[in-house]
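Since the structure comes first, as structure tokens, the remarks are kept for the end.
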Amino acid sequence: MRKKLVKYYRILKNFKLNAPEEFSFPLDVFDRWDTNREALIWTDGEELKKFTFRDLTVLSSKLAGGLKSIGISKSDKVLVILPNRPEWWITILALMRINAISIPATTLLTAKDILYRLKAADIKAVITDRENSLKVEEAVNNYDREVLLINLDRIPGWKSYDDLFNFDPFLGNRGKSFDPAFIFFTSGTTGLPKMVLHTQISYPFGHFITGKFWLDLKPGDIHWNLSDTGWAKAAWSSFFGPWNMGATVFTYQRKGKFSPATIVEALKKFKINTFCAPPTVYRMAVKEIPLEELKFKTVRHFVAAGEPLNSEVINIWKDATGEYIYNGYGQTETVNTLAMFRFIPMKAGATGLPAPGFHIDIVDDEGNPLPPNTEGNIAIKINPERPIGLFQEYIGDTLEMAAAFKGDWYYTRDRGYKDEDGYFWFVGREDDVIISAGYRIGPFEVESALIKHPAVKEAAVVASPDEIRGEIVKAFIVLTEEYSPSEELIREIQEFVKKETAPYKYPRKIEFVDELPKTISGKIKRKELKLKEFGKSPK
């Protein structure tokens, strides 16, 4: 195996990102691409809009001039609550031109969520649309500071987004590389969401790693990332990753949930070259779509992120399409850090090897590297050199900083192990790991076994309280159409899992459900299931 990794180790040895003293993503990356090449393709299933790099340079420069005219300037924090409309991309580029701090947020936020962000981040302005305006107004009315309100639609009391394009354009200034650029709110194991601060280079520059090595993009590729604009994953694969490589971003603004059939149709119709989706999308596709329909003339590369995709689906996908699905790993706090790359031997189901630019290991709580096949903490080396693609800090949270940065390591708070070939395997979030009668059980291994059963369309595994064992494994299962819930089926599935993995890992409880709670991008909300199981309400 090591002999087959010669190219990987050569890249690892020779690759280095050198941080410039000053940097501007719009000036130093975006504006330098071929101006007539398509940068963004948008559709809602009926209407189709295309924007070249020149188009977006002009539009974002005009908006930057308008934002400056109403008093938004360097280091001002701007909350952006928009669906995947073209204006989201234009707005983020414009804010970067004036070195303001963008705070992307999902349209799923409630007024309470918005108020928390206003207070926590000292936000100067909010940019949104009519559909989200009422909850923003409710939040602002309960806030004790003035907030600039900008709306894509003309609403009384709001500044018009369109009117901001009537001022002199502003191409931008370079800022110091380690000046703040983005804040993402991300949920922790406990408490309210943390504020993850990224600099002018940690995401804008660091995602060169994501675009080049994991997404395997090149100029002219059309890349579709199935992610809501409010998540960091949109910055990963719908913005910096593709545009660092001169690729075209494709986005599909659809009301409600995507069905596998709709996704397959769009991949073919719009001649997508590379595709990124949560594992649930692939799992549902192989269960719901006839395999002979999974033929794509233009798609050459599939990737999955958010959680590991099990080997069974990866192998089925390969048989059907001729292409593997490549797992990738990272966090809101990082760029792509571990992945299955096209230039390394495939191990279906593995998280992969460290991305160039990162030294990653499995360590114990004292920072000591652990031997192969020993579960431990997935940690990123920060000494003697801190990787460029790592966030700056959790703003105002000394406890989280102390838990994450210890000695020479950044602790991801994810658990995993390495095999004899150096491949990483994901076990689960620190708080997702189930401890039952002294055994540590990762939910993904159990889910991977469950999904192999023909009755199981989707599965989510969490801990459930138990008086004797402390916790036991519980599986929430969505059945395929051919099966109906029964006690007999429960026993059959339990026996099946005992044969697929270590017997102590089988789900002692099974609950059949019509659907699993998911984010808008399709990632399963295990935390919500676990909290309900322990009699707590999700925050």
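Chain lettering (A, B, ...) mirrors the order of the structure tokens, residue numbering begins at 1 for each chain separately, and ligand numbering begins at 1 in order of display.
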
Contact residues around Leu353 (chain A) with only C-alpha atoms at 6 Å, ignoring same-chain residues under 5 positions, as an NGL selection string: :A and (338-339 or 423)

When you look at region 528-532 of chain A with a cut-off of 10 Å (counting only C-alpha atoms), what residues show up, excluding the ones that are within fewer than 2 positions of it in the same chain? I need them as a PyMOL selection string. chain A and resi 432+460-465+474-476+516-518+524-526+534-539

Selection file, N, CA and C atoms, as a tab-separated table (two decimals), in the first residue's frame:
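What ended up in out_26.tsv:
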```
chain	number	residue	atom	x	y	z
A	432	ASP	N	-21.18	12.21	20.56
A	432	ASP	CA	-22.04	11.23	19.89
A	432	ASP	C	-21.67	9.80	20.23
A	460	ALA	N	-30.44	6.45	11.72
A	460	ALA	CA	-29.66	7.33	12.59
A	460	ALA	C	-29.53	6.63	13.94
A	461	VAL	N	-28.32	6.58	14.46
A	461	VAL	CA	-28.04	5.87	15.71
A	461	VAL	C	-27.60	6.86	16.78
A	462	VAL	N	-28.23	6.75	17.96
A	462	VAL	CA	-27.88	7.62	19.08
A	462	VAL	C	-27.87	6.80	20.37
A	463	ALA	N	-27.38	7.43	21.43
A	463	ALA	CA	-27.43	6.80	22.75
A	463	ALA	C	-28.83	6.95	23.34
A	464	SER	N	-29.23	5.93	24.10
A	464	SER	CA	-30.50	5.97	24.83
A	464	SER	C	-30.21	5.58	26.27
A	465	PRO	N	-30.80	6.26	27.25
A	465	PRO	CA	-30.48	5.96	28.65
A	465	PRO	C	-30.93	4.56	29.06
A	474	LYS	N	-29.57	2.99	20.24
A	474	LYS	CA	-30.92	3.06	19.68
A	474	LYS	C	-30.83	3.50	18.22
A	475	ALA	N	-31.60	2.84	17.38
A	475	ALA	CA	-31.62	3.18	15.96
A	475	ALA	C	-33.00	3.70	15.56
A	476	PHE	N	-33.00	4.85	14.90
A	476	PHE	CA	-34.21	5.37	14.26
A	476	PHE	C	-34.11	4.99	12.79
A	516	LEU	N	-36.33	11.25	9.10
A	516	LEU	CA	-35.35	11.67	10.09
A	516	LEU	C	-35.22	13.19	10.05
A	517	PRO	N	-35.01	13.82	11.21
A	517	PRO	CA	-34.81	15.27	11.19
A	517	PRO	C	-33.49	15.61	10.51
A	518	LYS	N	-33.54	16.57	9.58
A	518	LYS	CA	-32.33	16.92	8.83
A	518	LYS	C	-32.22	18.43	8.71
A	524	ILE	N	-28.25	14.66	8.84
A	524	ILE	CA	-29.12	14.18	9.91
A	524	ILE	C	-28.82	14.90	11.23
A	525	LYS	N	-29.87	15.34	11.90
A	525	LYS	CA	-29.71	16.02	13.19
A	525	LYS	C	-29.71	15.00	14.33
A	526	ARG	N	-28.58	14.32	14.52
A	526	ARG	CA	-28.50	13.31	15.57
A	526	ARG	C	-28.65	13.92	16.96
A	534	PHE	N	-33.19	11.57	25.73
A	534	PHE	CA	-32.85	11.82	27.13
A	534	PHE	C	-33.83	12.78	27.80
A	535	GLY	N	-34.94	13.05	27.12
A	535	GLY	CA	-36.00	13.87	27.71
A	535	GLY	C	-35.69	15.34	27.76
A	536	LYS	N	-34.84	15.81	26.82
A	536	LYS	CA	-34.48	17.22	26.79
A	536	LYS	C	-34.98	17.82	25.49
A	537	SER	N	-35.22	19.13	25.53
A	537	SER	CA	-35.69	19.82	24.33
A	537	SER	C	-34.51	20.40	23.57
A	538	PRO	N	-34.47	20.22	22.25
A	538	PRO	CA	-33.40	20.83	21.46
A	538	PRO	C	-33.45	22.34	21.59
A	539	LYS	N	-32.27	22.97	21.67
A	539	LYS	CA	-32.22	24.43	21.79
A	539	LYS	C	-32.33	25.07	20.42
```

Write out, as CSV, each residue of region 405-470 of chain A that has an atom at most 9 Å from region 270-289 of chain A, together with the closest pair of atoms and their distance in Å to one decimal, counting only C-alpha atoms, rows going by chain and rising number.
```
residue,atom,partner,partner_atom,distance
A:Ile451,CA,A:Arg283,CA,8.1
A:Pro454,CA,A:Lys287,CA,8.8
A:Val456,CA,A:Lys287,CA,8.8
A:Lys457,CA,A:Lys287,CA,6.3
A:Glu458,CA,A:Met284,CA,7.2
```

For Pro242 (chain A), the closest of A:Trp33, A:Lys297, A:Tyr8, A:Phe426 counting only C-alpha atoms is A:Trp33

Find the nearest atom pair between each residue of region 15-68 of chain A and region 371-388 of chain A for residues within 9 Å, count only C-alpha atoms, give distances in Å to one decimal, sort rows by chain and ascending number, and present the table as CSV.
```
residue,atom,partner,partner_atom,distance
A:Leu17,CA,A:Ile388,CA,7.2
A:Asn18,CA,A:Ile388,CA,8.3
A:Ala19,CA,A:Ile388,CA,7.3
```

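In this model, the gap between CA of Lys13 (chain A) and CA of Arg415 (chain A) comes to 26.1 Å.
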